[in-house]
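**Student:** Here's a structure for you.
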Amino acid sequence: MSRRPLLLTVFMYGLALALAVLAVGPALWLIVIAFSSTASPINQLPAPSELTLSNFTGAWEEADLLRPLINSVLVTVAQAFFNVVLAALAAYPLARMRFRGRSVIFVVILSTIMIPEQVIIVPLFRTVVAMGLYDTLIAVVLPFSVTAFGIFLCRQAFLSIPAELEEAARIDGAHAGHVWLHVMLPLARPALATLAVFSVIGAWSNLLWPLIVLQSQEQFTLPVAINQLLGVFATNVRYAYAGSVLAMLPILLFFLVAQRFLTKGLLAGAVKG
Amino acid sequence: MKLRAHRPWTPYLFILPAGTVLFIFVIVAMVQVAYYSFTRYTAFEPAAWVGLENYRRLLADQRFWFCLINSFLYLLVTPVLIALSLTAALVVHAALRWAKGLRVLLFLPVVTPTIVAAIAWRLLLNENAGLLNTALTTVGLDPVYWLSERPWTLISAMFVTLWKGFGYYMMIFLAGLVAVPKELEEAATVDGAGRGSILLHVTLPALRPLIVLVAIISSISALKVFDELFITIKGAPISHQTVVPLIYDTAFEVGDYGYASAIGVTLFVVVLAFSLVQLKLTERDA
């Protein structure tokens, strides 16, 4: 195409700048205020003398943020691990084996996508209580340890692996579990990585379900602890800002490291429809 | 060549763990919520069949109607979200310098936990001294009661949904833009079409299926919104909230499981209607 006219170029850079400010501005401002003392108004940049770590130490004392931080890491790692493993297990026969009821099972699994977590939150809660799991981290992970979306993603990935590779392993006498672990999983790595990254981001952000099933402070995940810092008994709202910064930094770092998987997976997934 | 066939029960073993979880925590749960919705069931008494009583109560419950209407109003976030994410995709796709960096930057809000996004916006929207009201009063306008007055409370929560969502939908549109055949645009240029008319008559029509897709995904997630309202307008009465916060309040603050289940079933019907519209629309595109 012909060269872009100068005016249009300027306009595009202006838009790019505005979008960038929109994307990082609110979070940056939150960080600035989290590092400033109550003497500094929330609509001004703090003077150097008003910069402080006291909100972080205060939040740390009031909500014992170390425990929620550890709990959030545990819950997130477990949820991502099970999401990938359970989905990849179920997807293998659905993609590669012939057996009675295959299409019915697949349709039933897919239909669960239509049922939002928010609709069934009451029975989920009752079931977890009946299982004796109320107020445990297991209760946070278990109901969401696999999703139909994950199974679908893995199945698509397995379908695109050439059948000869699998057959070669089976001629050598490998059983199904071996083929799954040593042939299918390595070849589906990009899809599995995408699923893992998505699960990590989702689990780290999860508020509604942990809010319902966790009661004691030692079990809180970071979002639940931050919600408490924001509550009616909160002494200083800047503690909640400090907690927010603490919840934001690890996941942003994780994303910056893992983003190439996510971008690739997202682009591939969207094109395939 | 002899292939070793799998044993007859091998496929079922592979499916068993995921199948058990989905069965108990989705399928059985769906049956349970439907059953509970026909019972009087609270934190203090076991479920007892009452027929349609909960649904009759819904019809007369002003709180429920407020929240349902708010849920539909919340759908207004969708067109804005599409415009914003499409603009972002076009800017990133225009191959400016730093385009790749910009793409990563615009995705950062997607990764940010929703509670953090909501708190960041609560800070900007603070009614006394937030940056937005400061800006408004500086240019001589009246401050806005972002966090306590309808319809501003809903709009405030929508800011968070927009901020957190546009980077995600931008990625979907980017994938679509990459797939638009270059020859089409070149042919149009040869025919003397300007940039504006190429965008309007070539690029956007090519993106139509994705625009429909994004409209549906974002509408359904708008119907399920919770965190943004729960945190951003914490303290505002329930009549400022949507259906999911009402379910949370009814079930876990009041302890009325039967009634909360009836609200849940209603939400399911609404979401299902949207999914069916999606199927129809995507079929037409295919």
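Following the order of the structure tokens, first chain is A, next is B, and so on, with residues numbered from 1 inside each chain and ligands from 1 in the order they appear.
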Per residue of range 30-149 of chain A within 9 Å of range 204-228 of chain A, record the nearest atom pair and its distance in Å to one decimal, counting only C-alpha atoms, with rows in chain order and ascending residue number, as CSV.
**Tutor:**
residue,atom,partner,partner_atom,distance
A:Ala63,CA,A:Ala225,CA,6.5
A:Asp64,CA,A:Gln217,CA,8.5
A:Leu65,CA,A:Leu222,CA,7.4
A:Arg67,CA,A:Glu218,CA,6.4
A:Pro68,CA,A:Thr221,CA,4.4
A:Leu69,CA,A:Leu222,CA,5.7
A:Ile70,CA,A:Thr221,CA,8.0
A:Asn71,CA,A:Thr221,CA,5.4
A:Ser72,CA,A:Thr221,CA,4.8
A:Val73,CA,A:Trp204,CA,7.8
A:Val75,CA,A:Trp204,CA,7.9
A:Thr76,CA,A:Trp204,CA,5.7
A:Glu117,CA,A:Trp209,CA,8.9
A:Gln118,CA,A:Leu208,CA,8.7
A:Ile121,CA,A:Trp209,CA,7.9
A:Phe125,CA,A:Val213,CA,6.9
A:Val128,CA,A:Val213,CA,8.1
A:Val129,CA,A:Val213,CA,8.5
A:Leu133,CA,A:Val213,CA,8.6
A:Tyr134,CA,A:Val213,CA,5.7
A:Asp135,CA,A:Leu214,CA,4.3
A:Thr136,CA,A:Gln219,CA,6.5
A:Leu137,CA,A:Gln219,CA,6.7
A:Ala139,CA,A:Val213,CA,6.8
A:Val140,CA,A:Pro210,CA,5.7
**Student:** When the cut-off is 7 Å and we count only C-alpha atoms, which residues of chain A are near chain B, given as a PyMOL selection string?
**Tutor:** chain A and resi 1+12+16+20+23+26-27+30+42-43+86-87+89-90+93+97+112+114+118-120+122-124+143+146+170-171+173+176+201+204-205+207+223+244+248+251-252+267+270-271
**Student:** I need the residues of range 3-248 of chain B that end up classed as strand (DSSP E or B) by DSSP on the backbone, written out as a VMD selection string.
**Tutor:** chain B and resid 39 to 40 42 48 to 49
**Student:** Those same residues, written as an mmCIF file, in the first residue's frame with all heavy atoms?
**Tutor:**
data_model
loop_
_atom_site.group_PDB
_atom_site.id
_atom_site.type_symbol
_atom_site.label_atom_id
_atom_site.label_comp_id
_atom_site.auth_asym_id
_atom_site.auth_seq_id
_atom_site.Cartn_x
_atom_site.Cartn_y
_atom_site.Cartn_z
ATOM 1 N N THR B 39 -38.012 -25.227 46.385
ATOM 2 C CA THR B 39 -38.108 -25.572 47.811
ATOM 3 C C THR B 39 -37.929 -24.348 48.696
ATOM 4 O O THR B 39 -37.371 -23.339 48.259
ATOM 5 C CB THR B 39 -37.002 -26.572 48.224
ATOM 6 O OG1 THR B 39 -35.717 -25.944 48.066
ATOM 7 C CG2 THR B 39 -37.055 -27.836 47.383
ATOM 8 N N ARG B 40 -38.445 -24.453 49.926
ATOM 9 C CA ARG B 40 -38.024 -23.503 50.944
ATOM 10 C C ARG B 40 -36.797 -24.127 51.597
ATOM 11 O O ARG B 40 -36.868 -25.212 52.162
ATOM 12 C CB ARG B 40 -39.121 -23.265 51.998
ATOM 13 C CG ARG B 40 -38.684 -22.242 53.065
ATOM 14 C CD ARG B 40 -39.744 -21.971 54.105
ATOM 15 N NE ARG B 40 -40.957 -21.453 53.482
ATOM 16 C CZ ARG B 40 -42.137 -22.073 53.575
ATOM 17 N NH1 ARG B 40 -42.251 -23.191 54.255
ATOM 18 N NH2 ARG B 40 -43.194 -21.560 52.991
ATOM 19 N N THR B 42 -33.207 -22.890 53.666
ATOM 20 C CA THR B 42 -32.378 -21.809 54.181
ATOM 21 C C THR B 42 -31.197 -22.397 54.943
ATOM 22 O O THR B 42 -31.070 -23.611 55.074
ATOM 23 C CB THR B 42 -33.163 -20.894 55.147
ATOM 24 O OG1 THR B 42 -33.441 -21.646 56.333
ATOM 25 C CG2 THR B 42 -34.456 -20.404 54.532
ATOM 26 N N ALA B 48 -37.592 -28.034 51.699
ATOM 27 C CA ALA B 48 -38.964 -28.565 51.701
ATOM 28 C C ALA B 48 -39.692 -28.029 50.473
ATOM 29 O O ALA B 48 -39.659 -26.835 50.197
ATOM 30 C CB ALA B 48 -39.701 -28.152 52.982
ATOM 31 N N TRP B 49 -40.333 -28.930 49.731
ATOM 32 C CA TRP B 49 -40.979 -28.571 48.456
ATOM 33 C C TRP B 49 -42.057 -27.504 48.652
ATOM 34 O O TRP B 49 -42.928 -27.648 49.491
ATOM 35 C CB TRP B 49 -41.592 -29.829 47.842
ATOM 36 C CG TRP B 49 -42.131 -29.609 46.476
ATOM 37 C CD1 TRP B 49 -43.413 -29.293 46.154
ATOM 38 C CD2 TRP B 49 -41.405 -29.686 45.247
ATOM 39 N NE1 TRP B 49 -43.526 -29.156 44.794
ATOM 40 C CE2 TRP B 49 -42.310 -29.395 44.209
ATOM 41 C CE3 TRP B 49 -40.067 -29.968 44.919
ATOM 42 C CZ2 TRP B 49 -41.932 -29.376 42.876
ATOM 43 C CZ3 TRP B 49 -39.701 -29.956 43.590
ATOM 44 C CH2 TRP B 49 -40.623 -29.662 42.586
#
**Student:** Quick one, how far is CA of Ser54 in chain A from CA of Ser37 in chain A?
**Tutor:**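 Those two atoms sit 7.4 Å apart.
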**Student:** Just the alpha helix (DSSP H) stuff from range 30-189 of chain A, please, per backbone DSSP, written as a PyMOL selection string.
**Tutor:** chain A and resi 30-34+54-63+66-96+102-111+121-130+137-141+148-159+163-171+176-179+185-187+189
**Student:** Please write the residues from the selection above to a file, keeping C-alpha atoms, as an mmCIF file, in the first residue's frame.
**Tutor:**
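Final output, saved to selection06.cif:
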data_model
loop_
_atom_site.group_PDB
_atom_site.id
_atom_site.type_symbol
_atom_site.label_atom_id
_atom_site.label_comp_id
_atom_site.auth_asym_id
_atom_site.auth_seq_id
_atom_site.Cartn_x
_atom_site.Cartn_y
_atom_site.Cartn_z
ATOM 1 C CA LEU A 30 -2.771 2.886 42.493
ATOM 2 C CA ILE A 31 0.907 2.037 42.975
ATOM 3 C CA VAL A 32 1.814 5.693 43.569
ATOM 4 C CA ILE A 33 -0.887 6.132 46.216
ATOM 5 C CA ALA A 34 -0.001 2.795 47.840
ATOM 6 C CA SER A 54 4.007 2.098 56.006
ATOM 7 C CA ASN A 55 0.939 0.967 54.038
ATOM 8 C CA PHE A 56 2.708 -2.268 53.203
ATOM 9 C CA THR A 57 3.820 -2.926 56.765
ATOM 10 C CA GLY A 58 0.357 -1.923 58.012
ATOM 11 C CA ALA A 59 -1.389 -4.247 55.569
ATOM 12 C CA TRP A 60 1.069 -6.969 56.460
ATOM 13 C CA GLU A 61 0.218 -6.641 60.174
ATOM 14 C CA GLU A 62 -3.533 -6.238 59.789
ATOM 15 C CA ALA A 63 -4.168 -9.028 57.267
ATOM 16 C CA LEU A 66 2.187 -13.658 53.894
ATOM 17 C CA ARG A 67 -0.368 -16.400 54.528
ATOM 18 C CA PRO A 68 -2.795 -15.262 51.781
ATOM 19 C CA LEU A 69 0.158 -14.884 49.414
ATOM 20 C CA ILE A 70 1.241 -18.489 50.047
ATOM 21 C CA ASN A 71 -2.368 -19.708 49.810
ATOM 22 C CA SER A 72 -2.877 -17.897 46.514
ATOM 23 C CA VAL A 73 0.279 -19.456 45.082
ATOM 24 C CA LEU A 74 -0.806 -22.945 46.247
ATOM 25 C CA VAL A 75 -4.327 -22.598 44.880
ATOM 26 C CA THR A 76 -3.134 -21.157 41.577
ATOM 27 C CA VAL A 77 -0.463 -23.795 40.965
ATOM 28 C CA ALA A 78 -2.833 -26.626 41.901
ATOM 29 C CA GLN A 79 -5.658 -25.318 39.761
ATOM 30 C CA ALA A 80 -3.440 -24.842 36.698
ATOM 31 C CA PHE A 81 -1.844 -28.277 37.195
ATOM 32 C CA PHE A 82 -5.159 -30.132 37.458
ATOM 33 C CA ASN A 83 -6.741 -28.125 34.653
ATOM 34 C CA VAL A 84 -3.989 -29.214 32.283
ATOM 35 C CA VAL A 85 -3.629 -32.825 33.448
ATOM 36 C CA LEU A 86 -7.322 -33.722 33.770
ATOM 37 C CA ALA A 87 -8.186 -32.008 30.480
ATOM 38 C CA ALA A 88 -5.313 -33.663 28.619
ATOM 39 C CA LEU A 89 -6.269 -37.075 30.041
ATOM 40 C CA ALA A 90 -9.905 -36.789 29.009
ATOM 41 C CA ALA A 91 -9.076 -35.267 25.624
ATOM 42 C CA TYR A 92 -6.811 -38.136 24.509
ATOM 43 C CA PRO A 93 -9.427 -40.874 24.014
ATOM 44 C CA LEU A 94 -11.932 -38.289 22.765
ATOM 45 C CA ALA A 95 -9.495 -37.365 19.997
ATOM 46 C CA ARG A 96 -7.788 -40.670 19.273
ATOM 47 C CA ARG A 102 -17.647 -41.347 22.522
ATOM 48 C CA SER A 103 -19.751 -38.712 20.794
ATOM 49 C CA VAL A 104 -22.376 -38.676 23.551
ATOM 50 C CA ILE A 105 -19.698 -38.168 26.200
ATOM 51 C CA PHE A 106 -18.106 -35.401 24.166
ATOM 52 C CA VAL A 107 -21.407 -33.571 23.646
ATOM 53 C CA VAL A 108 -22.288 -33.831 27.348
ATOM 54 C CA ILE A 109 -18.864 -32.461 28.300
ATOM 55 C CA LEU A 110 -19.208 -29.580 25.838
ATOM 56 C CA SER A 111 -22.702 -28.755 27.078
ATOM 57 C CA ILE A 121 -23.047 -21.432 43.242
ATOM 58 C CA VAL A 122 -25.576 -22.549 45.913
ATOM 59 C CA PRO A 123 -25.383 -26.321 45.216
ATOM 60 C CA LEU A 124 -21.599 -26.063 44.778
ATOM 61 C CA PHE A 125 -21.426 -24.587 48.250
ATOM 62 C CA ARG A 126 -23.753 -27.219 49.736
ATOM 63 C CA THR A 127 -21.798 -30.059 48.102
ATOM 64 C CA VAL A 128 -18.469 -28.762 49.372
ATOM 65 C CA VAL A 129 -19.920 -28.411 52.887
ATOM 66 C CA ALA A 130 -21.369 -31.946 52.701
ATOM 67 C CA LEU A 137 -8.039 -24.694 50.056
ATOM 68 C CA ILE A 138 -9.117 -28.000 48.472
ATOM 69 C CA ALA A 139 -12.653 -26.609 48.301
ATOM 70 C CA VAL A 140 -11.343 -23.621 46.337
ATOM 71 C CA VAL A 141 -9.688 -25.809 43.689
ATOM 72 C CA ALA A 148 -14.918 -28.283 29.261
ATOM 73 C CA PHE A 149 -13.038 -25.471 27.535
ATOM 74 C CA GLY A 150 -9.721 -27.053 28.565
ATOM 75 C CA ILE A 151 -10.790 -30.476 27.293
ATOM 76 C CA PHE A 152 -11.894 -28.918 24.005
ATOM 77 C CA LEU A 153 -8.571 -27.087 23.614
ATOM 78 C CA CYS A 154 -6.533 -30.251 24.286
ATOM 79 C CA ARG A 155 -8.699 -32.334 21.964
ATOM 80 C CA GLN A 156 -8.114 -29.857 19.131
ATOM 81 C CA ALA A 157 -4.368 -30.034 19.767
ATOM 82 C CA PHE A 158 -4.347 -33.857 19.808
ATOM 83 C CA LEU A 159 -6.406 -34.020 16.607
ATOM 84 C CA ALA A 163 -1.439 -40.396 13.480
ATOM 85 C CA GLU A 164 1.824 -42.035 12.281
ATOM 86 C CA LEU A 165 3.707 -40.795 15.350
ATOM 87 C CA GLU A 166 1.224 -42.442 17.666
ATOM 88 C CA GLU A 167 1.105 -45.646 15.595
ATOM 89 C CA ALA A 168 4.882 -45.952 15.608
ATOM 90 C CA ALA A 169 4.881 -45.923 19.393
ATOM 91 C CA ARG A 170 2.088 -48.460 19.543
ATOM 92 C CA ILE A 171 3.828 -50.853 17.139
ATOM 93 C CA ALA A 176 -1.932 -45.981 26.076
ATOM 94 C CA GLY A 177 -0.597 -44.241 29.194
ATOM 95 C CA HIS A 178 2.905 -44.313 27.789
ATOM 96 C CA VAL A 179 1.812 -42.892 24.429
ATOM 97 C CA LEU A 185 1.822 -34.400 25.713
ATOM 98 C CA PRO A 186 5.160 -33.246 24.264
ATOM 99 C CA LEU A 187 3.616 -32.644 20.842
ATOM 100 C CA ARG A 189 2.949 -28.489 24.396
#
